[in-house]
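File shown: upload.txt. Contents: compact mmCIF, C-alpha atoms and all ligand atoms.
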# COMPACT_ATOMS: atom_id res chain seq x y z
CA MET A 14 -24.43 -24.88 -1.02
CA ASP A 15 -22.76 -23.24 -4.02
CA LYS A 16 -20.02 -20.80 -3.15
CA LYS A 17 -20.64 -17.12 -3.92
CA ILE A 18 -18.65 -15.78 -6.84
CA VAL A 19 -15.92 -13.12 -6.71
CA TYR A 20 -14.35 -11.29 -9.67
CA SER A 21 -11.53 -8.78 -9.75
CA ALA A 22 -8.59 -7.73 -11.92
CA VAL A 23 -5.54 -5.51 -12.19
CA GLN A 24 -4.22 -3.95 -15.41
CA PRO A 25 -0.70 -4.86 -16.52
CA SER A 26 -0.12 -1.19 -17.26
CA GLY A 27 2.96 -0.60 -15.10
CA ASN A 28 4.72 -1.75 -11.97
CA LEU A 29 2.19 -2.51 -9.27
CA THR A 30 2.20 -0.29 -6.22
CA ILE A 31 1.54 -1.09 -2.58
CA GLY A 32 -1.88 0.53 -3.28
CA ASN A 33 -2.76 -2.28 -5.71
CA TYR A 34 -1.55 -4.79 -3.14
CA LEU A 35 -3.46 -3.38 -0.17
CA GLY A 36 -6.57 -2.26 -2.05
CA ALA A 37 -6.95 -5.39 -4.14
CA ILE A 38 -4.62 -8.39 -4.29
CA ARG A 39 -4.15 -8.90 -0.57
CA ASN A 40 -7.92 -9.10 -0.13
CA TRP A 41 -8.25 -11.51 -3.04
CA VAL A 42 -5.92 -13.91 -1.28
CA LYS A 43 -8.09 -13.81 1.85
CA MET A 44 -11.22 -14.59 -0.19
CA GLN A 45 -10.00 -17.46 -2.31
CA SER A 46 -10.89 -20.32 0.03
CA GLU A 47 -14.35 -19.07 0.93
CA TYR A 48 -15.56 -18.01 -2.52
CA GLU A 49 -15.34 -19.15 -6.11
CA CYS A 50 -12.87 -16.59 -7.43
CA PHE A 51 -12.01 -15.34 -10.91
CA TYR A 52 -8.96 -13.06 -10.99
CA ALA A 53 -7.96 -11.61 -14.34
CA ILE A 54 -5.04 -9.75 -15.81
CA ALA A 55 -6.90 -6.89 -17.46
CA ASN A 56 -4.81 -6.37 -20.60
CA MET A 57 -7.82 -5.19 -22.62
CA HIS A 58 -8.33 -2.37 -20.14
CA ALA A 59 -4.62 -1.57 -20.23
CA ILE A 60 -4.64 -0.67 -23.95
CA THR A 61 -7.09 2.19 -23.34
CA VAL A 62 -3.88 4.14 -22.79
CA LYS A 63 -0.86 3.66 -25.08
CA GLN A 64 1.21 0.58 -24.27
CA GLU A 65 4.40 -0.70 -25.83
CA PRO A 66 3.37 -4.19 -27.15
CA ALA A 67 6.50 -6.09 -26.05
CA GLU A 68 6.30 -4.48 -22.63
CA LEU A 69 2.60 -5.30 -22.30
CA ARG A 70 3.33 -8.97 -23.05
CA ARG A 71 6.19 -9.04 -20.53
CA ARG A 72 4.15 -7.31 -17.84
CA THR A 73 1.27 -9.73 -18.34
CA LEU A 74 3.47 -12.65 -17.32
CA GLU A 75 5.09 -10.65 -14.53
CA LEU A 76 1.67 -9.86 -13.14
CA ALA A 77 0.62 -13.51 -13.31
CA ALA A 78 3.76 -14.45 -11.37
CA LEU A 79 3.07 -11.68 -8.89
CA TYR A 80 -0.48 -12.96 -8.27
CA LEU A 81 1.00 -16.33 -7.39
CA ALA A 82 3.82 -14.82 -5.32
CA CYS A 83 1.27 -12.84 -3.28
CA GLY A 84 -0.42 -16.10 -2.34
CA LEU A 85 -3.11 -16.76 -4.94
CA ASP A 86 -3.48 -20.49 -5.33
CA PRO A 87 -4.41 -21.71 -8.83
CA GLU A 88 -6.15 -24.70 -7.25
CA ASN A 89 -8.46 -22.32 -5.43
CA CYS A 90 -9.15 -19.65 -8.05
CA ALA A 91 -9.09 -19.07 -11.80
CA LEU A 92 -6.15 -16.86 -12.83
CA TYR A 93 -6.32 -15.84 -16.46
CA VAL A 94 -5.59 -13.21 -19.08
CA GLN A 95 -8.66 -11.18 -20.06
CA SER A 96 -8.01 -11.11 -23.84
CA GLN A 97 -7.99 -14.91 -23.94
CA ILE A 98 -11.71 -14.98 -23.16
CA PRO A 99 -13.52 -13.51 -26.21
CA GLN A 100 -16.79 -13.19 -24.29
CA HIS A 101 -15.45 -10.09 -22.49
CA ALA A 102 -15.49 -8.15 -25.76
CA GLU A 103 -18.73 -9.78 -26.93
CA LEU A 104 -20.68 -8.94 -23.80
CA THR A 105 -19.23 -5.42 -23.85
CA TRP A 106 -20.84 -4.85 -27.25
CA THR A 107 -24.23 -5.98 -26.04
CA LEU A 108 -24.00 -3.90 -22.85
CA ASN A 109 -22.90 -0.89 -24.91
CA THR A 110 -26.38 -0.80 -26.37
CA ILE A 111 -27.93 -0.19 -22.95
CA ALA A 112 -25.17 2.09 -21.56
CA TYR A 113 -25.70 5.83 -21.98
CA VAL A 114 -23.04 8.17 -23.29
CA GLY A 115 -24.06 10.67 -20.59
CA GLU A 116 -23.38 8.33 -17.68
CA LEU A 117 -20.05 7.19 -19.13
CA SER A 118 -18.82 10.70 -19.79
CA ARG A 119 -19.48 11.59 -16.13
CA MET A 120 -17.12 8.92 -14.73
CA THR A 121 -14.30 10.37 -12.63
CA GLN A 122 -11.65 8.09 -14.13
CA PHE A 123 -12.70 9.01 -17.68
CA LYS A 124 -12.42 12.71 -16.86
CA ASP A 125 -9.03 12.24 -15.11
CA LYS A 126 -7.55 10.07 -17.82
CA SER A 127 -8.88 12.35 -20.59
CA GLN A 128 -6.97 15.17 -18.96
CA LYS A 129 -3.84 13.10 -18.45
CA HIS A 130 -3.90 11.67 -22.00
CA ALA A 131 -5.40 14.62 -23.86
CA GLU A 132 -3.79 13.48 -27.12
CA ASN A 133 -5.51 10.08 -26.95
CA ILE A 134 -9.10 10.36 -25.71
CA ASN A 135 -10.22 7.18 -27.44
CA MET A 136 -13.58 5.37 -27.34
CA GLY A 137 -12.03 2.60 -25.23
CA LEU A 138 -11.22 5.07 -22.49
CA MET A 139 -14.85 6.08 -22.31
CA ASP A 140 -16.07 2.51 -22.66
CA TYR A 141 -13.77 1.24 -19.89
CA PRO A 142 -16.61 0.90 -17.34
CA VAL A 143 -18.75 -1.11 -19.78
CA LEU A 144 -15.88 -3.55 -20.39
CA MET A 145 -15.46 -3.74 -16.61
CA ALA A 146 -19.19 -4.41 -16.21
CA ALA A 147 -18.91 -7.21 -18.78
CA ASP A 148 -15.93 -8.66 -16.87
CA ILE A 149 -17.93 -8.83 -13.67
CA LEU A 150 -21.33 -9.84 -15.05
CA LEU A 151 -19.95 -12.65 -17.22
CA TYR A 152 -19.04 -14.59 -14.09
CA GLN A 153 -22.27 -13.75 -12.23
CA ALA A 154 -20.04 -12.28 -9.51
CA GLN A 155 -21.65 -11.31 -6.24
CA TYR A 156 -18.62 -9.46 -4.86
CA VAL A 157 -15.93 -7.32 -6.48
CA PRO A 158 -13.01 -6.61 -4.12
CA VAL A 159 -11.49 -3.29 -5.25
CA GLY A 160 -9.93 -0.10 -3.93
CA ALA A 161 -12.18 2.90 -3.25
CA ASP A 162 -11.32 4.48 -6.65
CA GLN A 163 -13.19 1.70 -8.46
CA LYS A 164 -16.45 2.02 -6.51
CA GLN A 165 -18.05 4.18 -9.20
CA HIS A 166 -17.30 1.58 -11.87
CA VAL A 167 -18.82 -1.26 -9.85
CA GLU A 168 -21.89 0.94 -9.43
CA ILE A 169 -22.20 1.27 -13.22
CA ALA A 170 -21.92 -2.52 -13.47
CA ARG A 171 -24.80 -2.77 -10.98
CA ASP A 172 -26.88 -0.26 -12.96
CA LEU A 173 -26.29 -2.12 -16.21
CA ALA A 174 -27.15 -5.48 -14.61
CA ILE A 175 -30.40 -4.09 -13.21
CA ARG A 176 -31.25 -2.33 -16.49
CA PHE A 177 -30.64 -5.49 -18.51
CA ASN A 178 -32.59 -7.69 -16.06
CA ASN A 179 -35.53 -5.28 -16.15
CA ARG A 180 -35.60 -5.19 -19.92
CA PHE A 181 -34.90 -8.84 -20.75
CA GLY A 182 -35.71 -10.78 -17.56
CA GLU A 183 -33.44 -12.09 -14.77
CA THR A 184 -30.03 -12.72 -16.33
CA PHE A 185 -27.27 -11.20 -14.22
CA THR A 186 -26.37 -11.32 -10.55
CA VAL A 187 -26.22 -7.72 -9.34
CA PRO A 188 -22.66 -7.31 -7.97
CA GLU A 189 -21.52 -5.42 -4.89
CA PRO A 190 -18.19 -3.65 -4.41
CA LEU A 191 -16.18 -5.01 -1.51
CA ILE A 192 -14.01 -2.20 -0.23
CA LEU A 193 -12.20 -3.23 2.90
CA LYS A 194 -11.24 -0.54 5.36
CA GLY A 195 -7.55 0.16 5.86
CA GLY A 196 -5.93 -0.20 2.46
CA ALA A 197 -8.84 1.07 0.35
CA LYS A 198 -7.14 4.33 -0.59
CA ILE A 199 -3.38 4.52 -0.36
CA CYS A 200 -2.20 7.98 -1.35
CA SER A 201 0.78 9.35 -3.23
CA LEU A 202 3.82 9.99 -1.02
CA GLN A 203 4.41 13.29 -2.81
CA GLU A 204 0.82 14.56 -3.17
CA PRO A 205 -0.98 12.79 -0.34
CA THR A 206 -4.45 13.97 -1.34
CA LYS A 207 -4.12 12.01 -4.61
CA LYS A 208 -4.26 8.22 -4.85
CA MET A 209 -0.98 6.37 -5.34
CA SER A 210 -0.91 5.30 -8.98
CA LYS A 211 1.27 2.93 -10.97
CA SER A 212 1.50 5.43 -13.82
CA ASP A 213 2.57 8.45 -11.72
CA GLU A 214 5.35 10.29 -13.51
CA ASN A 215 7.17 11.00 -10.26
CA PRO A 216 8.81 7.70 -9.17
CA ASN A 217 9.08 8.99 -5.59
CA ALA A 218 5.30 9.27 -5.34
CA SER A 219 4.65 5.51 -5.50
CA VAL A 220 6.18 2.54 -3.75
CA TYR A 221 6.32 -0.33 -6.21
CA LEU A 222 6.13 -3.97 -5.22
CA THR A 223 9.40 -4.40 -7.12
CA ASP A 224 11.29 -1.72 -5.13
CA GLY A 225 14.37 -2.85 -3.19
CA LYS A 226 14.70 -2.01 0.51
CA ASP A 227 16.92 1.04 -0.08
CA ASP A 228 14.42 2.56 -2.49
CA VAL A 229 11.53 1.87 -0.15
CA LEU A 230 13.30 3.53 2.79
CA ARG A 231 14.37 6.49 0.65
CA LYS A 232 10.86 7.08 -0.72
CA PHE A 233 9.33 7.05 2.75
CA ARG A 234 12.11 9.30 4.07
CA ARG A 235 11.19 11.84 1.38
CA ALA A 236 7.43 11.51 1.87
CA VAL A 237 5.61 14.83 2.17
CA THR A 238 4.32 15.49 5.72
CA ASP A 239 3.73 18.81 7.51
CA SER A 240 5.46 21.03 10.02
CA ASP A 241 3.68 20.38 13.34
CA ASN A 242 5.51 17.10 14.03
CA GLU A 243 2.47 15.41 15.64
CA ILE A 244 1.84 11.81 14.68
CA ARG A 245 -1.94 11.50 14.40
CA VAL A 246 -4.60 10.89 11.78
CA SER A 247 -6.48 13.99 10.69
CA ASP A 248 -7.99 15.42 7.50
CA GLU A 249 -5.66 18.38 7.91
CA LYS A 250 -2.63 16.06 7.92
CA PRO A 251 -3.01 13.96 4.74
CA GLY A 252 0.69 13.04 4.50
CA VAL A 253 1.05 11.80 8.07
CA SER A 254 -2.38 10.12 7.95
CA ASN A 255 -1.34 8.25 4.80
CA LEU A 256 1.86 7.00 6.46
CA ILE A 257 -0.08 5.81 9.52
CA ASN A 258 -2.67 4.18 7.27
CA ILE A 259 0.04 2.30 5.33
CA TYR A 260 1.73 1.26 8.58
CA CYS A 261 -1.54 -0.07 10.05
CA ALA A 262 -2.57 -1.85 6.85
CA PHE A 263 0.74 -3.72 6.73
CA ARG A 264 0.98 -4.35 10.49
CA GLY A 265 -2.67 -5.20 11.01
CA CYS A 266 -3.03 -2.68 13.84
CA THR A 267 -5.55 0.10 14.48
CA THR A 268 -4.83 3.80 14.04
CA GLU A 269 -5.17 4.32 17.80
CA GLU A 270 -2.55 1.65 18.45
CA ALA A 271 -0.19 3.25 15.95
CA GLU A 272 -0.76 6.73 17.40
CA ARG A 273 0.07 5.37 20.89
CA GLU A 274 3.15 3.58 19.58
CA PHE A 275 4.52 6.78 18.05
CA ALA A 276 3.47 9.20 20.80
CA GLY A 277 6.37 11.56 21.56
CA LYS A 278 8.36 10.34 18.53
CA GLY A 279 9.21 12.32 15.40
CA TYR A 280 8.29 11.95 11.72
CA GLY A 281 11.71 10.42 11.05
CA ASP A 282 10.85 7.50 13.37
CA LEU A 283 7.48 6.98 11.70
CA LYS A 284 8.96 7.08 8.20
CA LEU A 285 11.64 4.55 9.10
CA ALA A 286 9.16 2.20 10.77
CA VAL A 287 6.75 2.32 7.80
CA GLY A 288 9.60 1.80 5.33
CA GLU A 289 10.94 -1.21 7.21
CA THR A 290 7.51 -2.74 7.65
CA VAL A 291 6.73 -2.41 3.93
CA ALA A 292 10.15 -3.73 2.84
CA ASP A 293 9.77 -6.77 5.14
CA VAL A 294 6.48 -7.72 3.49
CA ILE A 295 7.37 -7.08 -0.15
CA SER A 296 10.86 -8.55 -0.21
CA PRO A 297 9.76 -12.24 0.10
CA ILE A 298 7.07 -11.57 -2.54
CA GLN A 299 9.79 -10.33 -4.92
CA GLN A 300 11.91 -13.43 -4.36
CA GLU A 301 8.94 -15.71 -4.94
CA GLN A 302 7.94 -13.81 -8.09
CA LYS A 303 11.44 -14.23 -9.50
CA LYS A 304 11.34 -17.98 -8.88
CA ILE A 305 7.94 -18.34 -10.55
CA LEU A 306 8.95 -16.23 -13.55
CA ALA A 307 11.90 -18.54 -14.15
CA ASP A 308 9.46 -21.41 -14.75
CA LYS A 309 7.61 -20.25 -17.86
CA THR A 310 6.05 -23.67 -18.46
CA TYR A 311 4.40 -23.68 -15.05
CA LEU A 312 3.14 -20.14 -15.54
CA ALA A 313 1.67 -21.02 -18.94
CA GLU A 314 -0.07 -24.06 -17.42
CA VAL A 315 -1.62 -21.96 -14.65
CA LEU A 316 -2.93 -19.41 -17.15
CA LYS A 317 -4.25 -22.10 -19.48
CA ALA A 318 -6.16 -23.86 -16.70
CA GLY A 319 -7.50 -20.50 -15.47
CA ALA A 320 -8.61 -19.53 -18.98
CA GLU A 321 -10.40 -22.87 -19.46
CA LYS A 322 -12.36 -22.39 -16.26
CA ALA A 323 -13.17 -18.78 -17.07
CA TYR A 324 -14.17 -19.64 -20.65
CA LYS A 325 -16.72 -22.20 -19.48
CA ALA A 326 -18.39 -19.80 -17.09
CA ALA A 327 -18.26 -16.89 -19.54
CA ARG A 328 -19.74 -18.95 -22.39
CA ARG A 329 -22.66 -20.01 -20.21
CA THR A 330 -23.59 -16.40 -19.38
CA LEU A 331 -23.05 -15.06 -22.90
CA SER A 332 -25.23 -17.73 -24.42
CA LYS A 333 -28.00 -16.81 -21.97
CA VAL A 334 -27.57 -13.12 -22.85
CA TYR A 335 -27.73 -13.83 -26.59
CA ARG A 336 -30.89 -15.88 -26.09
CA LYS A 337 -32.49 -13.06 -24.09
CA VAL A 338 -31.70 -10.35 -26.64
CA GLY A 339 -32.91 -12.53 -29.50
CA PHE A 340 -29.65 -13.41 -31.25
CA TYR A 341 -29.90 -16.47 -33.49
CA GLN A 342 -27.56 -19.15 -32.10
CA GLY A 343 -28.20 -22.01 -34.51
CA GLU A 344 -30.77 -24.75 -34.13
N1 LIG B 1 -3.78 3.82 -4.33
C1 LIG B 1 -4.59 2.79 -4.22
N2 LIG B 1 -5.12 2.43 -3.03
C2 LIG B 1 -5.95 1.36 -2.92
N3 LIG B 1 -6.30 0.58 -3.96
C3 LIG B 1 -5.81 0.89 -5.17
N4 LIG B 1 -5.95 0.34 -6.39
C4 LIG B 1 -5.22 1.03 -7.28
N5 LIG B 1 -4.58 2.05 -6.69
C5 LIG B 1 -4.93 2.00 -5.37
C6 LIG B 1 -6.78 -0.83 -6.69
O1 LIG B 1 -5.99 -1.76 -7.43
C7 LIG B 1 -6.84 -2.45 -8.33
C8 LIG B 1 -6.28 -2.46 -9.72
O2 LIG B 1 -6.09 -1.18 -10.19
P1 LIG B 1 -6.00 -0.94 -11.77
O3 LIG B 1 -5.03 -1.83 -12.39
O4 LIG B 1 -7.36 -0.95 -12.33
O5 LIG B 1 -5.56 0.47 -11.95
P2 LIG B 1 -4.72 1.46 -11.07
O6 LIG B 1 -3.55 0.84 -10.43
O7 LIG B 1 -5.72 2.18 -10.25
O8 LIG B 1 -4.16 2.25 -12.23
P3 LIG B 1 -4.34 3.76 -12.52
O9 LIG B 1 -3.40 4.46 -11.63
O10 LIG B 1 -5.75 4.20 -12.47
O11 LIG B 1 -3.99 3.80 -13.96
P4 LIG B 1 -2.77 3.12 -14.62
O12 LIG B 1 -2.90 1.64 -14.52
O13 LIG B 1 -2.89 3.61 -16.00
O14 LIG B 1 -1.61 3.64 -13.83
C9 LIG B 1 -8.21 -1.79 -8.25
O15 LIG B 1 -9.03 -2.57 -7.41
C10 LIG B 1 -7.91 -0.47 -7.62
O16 LIG B 1 -9.02 0.01 -6.88
Please re-express this file's structure in C-alpha cells.
Ligand code: AQP
Amino acid sequence: MDKKIVYSAVQPSGNLTIGNYLGAIRNWVKMQSEYECFYAIANMHAITVKQEPAELRRRTLELAALYLACGLDPENCALYVQSQIPQHAELTWTLNTIAYVGELSRMTQFKDKSQKHAENINMGLMDYPVLMAADILLYQAQYVPVGADQKQHVEIARDLAIRFNNRFGETFTVPEPLILKGGAKICSLQEPTKKMSKSDENPNASVYLTDGKDDVLRKFRRAVTDSDNEIRVSDEKPGVSNLINIYCAFRGCTTEEAEREFAGKGYGDLKLAVGETVADVISPIQQEQKKILADKTYLAEVLKAGAEKAYKAARRTLSKVYRKVGFYQGE
C-alpha cells in the first residue's frame, strides 16, 4: 500500500528555538520511516518580513544542516528549499483566485505580524496562508505536523482544498494538522503567555538550538515564574507550567511524574534541571550541524536530490490543477 504523505516546513528567518524543535522537527524525525515525507526550508515565507539577503542564504544552508543534525535522513524524506520548486508560487496564484480577502485578513498571524511590522504590511504577509496551502496541497499531503500556532493555517489549506475540489472536481487531498501533545506550544521564558518565537527581540525570552550550555542555564535561571514556590501545572502559573512542559517534552515524562519528582523542591532546582536536560539534548545536535556544514558538497547534493523528488510530485499536481481550471498546456 502507498505510504501516506506528510509535508511540513520551517522558515529560515532566524535562529531556531527549542519551540521549533519540539513543535515541529522532532516530530518530523519520528514520522519519516512510516510516511512519505516532504520537508522544506520555507524561504519564500521568510521574505514576507524583511530579510538581509546574504543572511537568508546563509541561514538556508544552516537550516538544512540542522534538519540533518536533528536526525532527518535524506534517504527517507525529501529535504529541499521552497524557492527551488516554482510550482509553489504557481499554485499560490491559482489558489489566490478562490481565497477570500476577508478570511485572510482574519488570520491571527497576519494581525500579529501586521502589528509587529507596521511599516511593512505587504501583500505577501496577508497571502502567507495561501502560499502555505499551496505548499501542502502540491504534495497531496494527508498530515501536516506543526505547532499549535499553525493550526489556523492548516485549516485554511483544508478549506481551500475542499473549495477547489467542489468547484473543479476531486483534485487535492484534504490535509489534517498533526499537533502532538507536549511540545505543541512552548512559551517565551520572559512572557510565558506568549509563544516562544525565533524573532523575539529579547534574547532571554527564547532558547535557541545554537545556544551554548552556559547561555541555556542562564536563560532558564532568569525565566519568569511566580511567588508561591509550588511546582505544579496550572493556568494561573504559566511560567512554571511552561518549564514543566519543556522538561517533560525533553525527558519524555508526564506532568504528574515531573510534579512528583520536584515535590518539596524549589524553583531553582526546577530551572537547573530543565536547563541541563535541554543542554544535553541540543549540544550533540550543534556538533553534528557543524560537521555537516563543513561539507558543503554533501549538503548541496542532499538539497538537489530533495528538490528533484519534490519537483516531480509538485509538477504532477500542478498539471492536474491547470487541466481542471482550463489552462492550455499544449497539445
Ligand atoms: N513556541 C513554539 N512551540 C511549538 N511549536 C512552535 N513552532 C514555532 N514556534 C513554536 C512551530 O515551528 C514550525 C516552524 O515555525 P515557522 O518557521 O513557521 O515560524 P515560527 O518559528 O513560528 O516563527 P515566528 O515566530 O512566527 O516568526 P519568525 O520566523 O518571523 O520569528 C511550525 O510548525 C510552528 O508551529
Considering all atoms listed in the file, return as a PDB file with C-alpha atoms, keeping the file's coordinate frame whatever protein or nucleic-acid residues lie within 12 Å of segment 172-184 of chain A, sequence-local ones (same chain, fewer than 3 positions apart) excluded.
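Dumped everything to part14.pdb:
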ATOM      1  CA  LEU A 104     -20.680  -8.940 -23.800  1.00  0.00           C
ATOM      2  CA  THR A 105     -19.230  -5.420 -23.850  1.00  0.00           C
ATOM      3  CA  THR A 107     -24.230  -5.980 -26.040  1.00  0.00           C
ATOM      4  CA  LEU A 108     -24.000  -3.900 -22.850  1.00  0.00           C
ATOM      5  CA  ASN A 109     -22.900  -0.890 -24.910  1.00  0.00           C
ATOM      6  CA  THR A 110     -26.380  -0.800 -26.370  1.00  0.00           C
ATOM      7  CA  ILE A 111     -27.930  -0.190 -22.950  1.00  0.00           C
ATOM      8  CA  ALA A 112     -25.170   2.090 -21.560  1.00  0.00           C
ATOM      9  CA  TYR A 113     -25.700   5.830 -21.980  1.00  0.00           C
ATOM     10  CA  GLU A 116     -23.380   8.330 -17.680  1.00  0.00           C
ATOM     11  CA  LEU A 117     -20.050   7.190 -19.130  1.00  0.00           C
ATOM     12  CA  PRO A 142     -16.610   0.900 -17.340  1.00  0.00           C
ATOM     13  CA  VAL A 143     -18.750  -1.110 -19.780  1.00  0.00           C
ATOM     14  CA  LEU A 144     -15.880  -3.550 -20.390  1.00  0.00           C
ATOM     15  CA  MET A 145     -15.460  -3.740 -16.610  1.00  0.00           C
ATOM     16  CA  ALA A 146     -19.190  -4.410 -16.210  1.00  0.00           C
ATOM     17  CA  ALA A 147     -18.910  -7.210 -18.780  1.00  0.00           C
ATOM     18  CA  ASP A 148     -15.930  -8.660 -16.870  1.00  0.00           C
ATOM     19  CA  ILE A 149     -17.930  -8.830 -13.670  1.00  0.00           C
ATOM     20  CA  LEU A 150     -21.330  -9.840 -15.050  1.00  0.00           C
ATOM     21  CA  LEU A 151     -19.950 -12.650 -17.220  1.00  0.00           C
ATOM     22  CA  TYR A 152     -19.040 -14.590 -14.090  1.00  0.00           C
ATOM     23  CA  GLN A 153     -22.270 -13.750 -12.230  1.00  0.00           C
ATOM     24  CA  ALA A 154     -20.040 -12.280  -9.510  1.00  0.00           C
ATOM     25  CA  GLN A 155     -21.650 -11.310  -6.240  1.00  0.00           C
ATOM     26  CA  GLN A 165     -18.050   4.180  -9.200  1.00  0.00           C
ATOM     27  CA  HIS A 166     -17.300   1.580 -11.870  1.00  0.00           C
ATOM     28  CA  VAL A 167     -18.820  -1.260  -9.850  1.00  0.00           C
ATOM     29  CA  GLU A 168     -21.890   0.940  -9.430  1.00  0.00           C
ATOM     30  CA  ILE A 169     -22.200   1.270 -13.220  1.00  0.00           C
ATOM     31  CA  VAL A 187     -26.220  -7.720  -9.340  1.00  0.00           C
ATOM     32  CA  PRO A 188     -22.660  -7.310  -7.970  1.00  0.00           C
ATOM     33  CA  GLU A 189     -21.520  -5.420  -4.890  1.00  0.00           C
ATOM     34  CA  ARG A 329     -22.660 -20.010 -20.210  1.00  0.00           C
ATOM     35  CA  THR A 330     -23.590 -16.400 -19.380  1.00  0.00           C
ATOM     36  CA  LEU A 331     -23.050 -15.060 -22.900  1.00  0.00           C
ATOM     37  CA  SER A 332     -25.230 -17.730 -24.420  1.00  0.00           C
ATOM     38  CA  LYS A 333     -28.000 -16.810 -21.970  1.00  0.00           C
ATOM     39  CA  VAL A 334     -27.570 -13.120 -22.850  1.00  0.00           C
ATOM     40  CA  TYR A 335     -27.730 -13.830 -26.590  1.00  0.00           C
ATOM     41  CA  ARG A 336     -30.890 -15.880 -26.090  1.00  0.00           C
ATOM     42  CA  LYS A 337     -32.490 -13.060 -24.090  1.00  0.00           C
ATOM     43  CA  VAL A 338     -31.700 -10.350 -26.640  1.00  0.00           C
ATOM     44  CA  GLY A 339     -32.910 -12.530 -29.500  1.00  0.00           C
TER      45      GLY A 339
END
Task: Which of A:Ile38, A:Ile18, A:Val287, A:Ala131 sits closest to ligand LIG 1 (chain B) [using all atoms listed in the file] - done: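 That would be A:Ile38, the residue with the smallest distance to ligand LIG 1 (chain B).
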Could the centre and edge lengths of an axis-aligned box, enclosing all atoms of ligand LIG 1 (chain B) in the file with 3 Å extra on each side, be given in Å to one decimal as lines of an AutoDock Vina configuration file?
center_x = -5.3
center_y = 0.9
center_z = -9.5
size_x = 13.4
size_y = 13.0
size_z = 19.1
Open item on the list: I'd like the neighbourhood of Ala78 of chain A as a list in words, where a residue qualifies if any of its atoms comes within 6 Å (using only C-alpha atoms), though same-chain residues fewer than 5 positions away should be ignored.
Closed with: Gln302, Ile305 and Leu306 of chain A
Open item on the list: What does the structure give for the distance between atom CA of Asn33 of chain A and atom O16 of ligand LIG 1 (chain B), in Å to one decimal?
Closed with: 6.8 Å
- [ ] Could you pull out the residues sitting within 7 Å of ligand LIG 1 (chain B), using all atoms listed in the file, and write them as number ranges by chain?
- [x] A: 22-27, 29, 32-37, 59, 62, 158-163, 196-200, 208-213
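For the pair atom CA of Leu85 of chain A and atom CA of Asn40 of chain A, the separation is 10.2 Å.
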- [ ] Counting all atoms listed in the file, figure out which residue out of A:Glu204, A:Asp227, A:Glu243, A:Glu132 gets nearest to Leu283 of chain A.
- [x]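 Closest residue, counting all atoms listed in the file: A:Glu243.
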- [ ] Write out as a count of residues only the residues lying within 12 Å of Glu68 of chain A, counting only C-alpha atoms and excluding same-chain residues fewer than 3 positions away.
- [x] 16
- [ ] Name all residues at most 9 Å from Thr206 of chain A (count all atoms listed in the file; drop same-chain ones fewer than 6 positions away) and give them as a ChimeraX atom specification.
- [x] /A:200,251-252,255
Open item on the list: Need the shell around Ile257 of chain A: protein/DNA/RNA residues with any atom at most 8 Å away, counting all atoms listed in the file. Skip same-chain ones fewer than 6 positions apart. Format as a list in words?
Closed with: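 These residues fall inside the cut-off: Arg245, Val246, Thr268, Ala271, Glu272, Leu283 and Val287 of chain A.
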Task: Interatomic distance, atom CA of Ala77 of chain A to atom CA of Phe263 of chain A (Å, one decimal) - done: 22.3 Å
Task: Counting only C-alpha atoms, the option among A:Leu316, A:Ile98, A:Ala236, A:Ala327 closest to Lys284 of chain A - done: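 Ranking A:Leu316, A:Ile98, A:Ala236, A:Ala327 by distance to Lys284 of chain A, first place goes to A:Ala236.
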Taking the structure I provided as the source, export segment 287-320 of chain A with C-alpha atoms, as an mmCIF file, in the first residue's frame.
data_model
loop_
_atom_site.group_PDB
_atom_site.id
_atom_site.type_symbol
_atom_site.label_atom_id
_atom_site.label_comp_id
_atom_site.auth_asym_id
_atom_site.auth_seq_id
_atom_site.Cartn_x
_atom_site.Cartn_y
_atom_site.Cartn_z
ATOM 1 C CA VAL A 287 15.314 21.915 32.787
ATOM 2 C CA GLY A 288 18.430 23.806 31.686
ATOM 3 C CA GLU A 289 20.643 20.738 31.989
ATOM 4 C CA THR A 290 18.148 18.498 30.229
ATOM 5 C CA VAL A 291 17.820 20.920 27.305
ATOM 6 C CA ALA A 292 21.586 21.482 27.024
ATOM 7 C CA ASP A 293 22.213 17.709 27.000
ATOM 8 C CA VAL A 294 19.883 17.256 24.020
ATOM 9 C CA ILE A 295 20.916 20.261 21.935
ATOM 10 C CA SER A 296 24.668 20.082 22.375
ATOM 11 C CA PRO A 297 25.189 16.915 20.227
ATOM 12 C CA ILE A 298 22.865 18.426 17.595
ATOM 13 C CA GLN A 299 25.101 21.518 17.454
ATOM 14 C CA GLN A 300 28.234 19.416 16.992
ATOM 15 C CA GLU A 301 26.611 17.389 14.234
ATOM 16 C CA GLN A 302 25.346 20.538 12.495
ATOM 17 C CA LYS A 303 28.857 21.988 12.487
ATOM 18 C CA LYS A 304 30.256 18.823 10.910
ATOM 19 C CA ILE A 305 27.590 18.786 8.199
ATOM 20 C CA LEU A 306 28.019 22.487 7.425
ATOM 21 C CA ALA A 307 31.712 21.910 6.816
ATOM 22 C CA ASP A 308 30.812 19.592 3.919
ATOM 23 C CA LYS A 309 29.089 21.965 1.503
ATOM 24 C CA THR A 310 29.211 19.468 -1.368
ATOM 25 C CA TYR A 311 27.271 16.881 0.603
ATOM 26 C CA LEU A 312 24.723 19.475 1.675
ATOM 27 C CA ALA A 313 24.243 20.636 -1.920
ATOM 28 C CA GLU A 314 23.744 17.021 -3.038
ATOM 29 C CA VAL A 315 21.096 16.407 -0.379
ATOM 30 C CA LEU A 316 19.184 19.543 -1.381
ATOM 31 C CA LYS A 317 19.456 18.738 -5.091
ATOM 32 C CA ALA A 318 18.104 15.210 -4.619
ATOM 33 C CA GLY A 319 15.318 16.554 -2.380
ATOM 34 C CA ALA A 320 14.398 19.225 -4.933
#
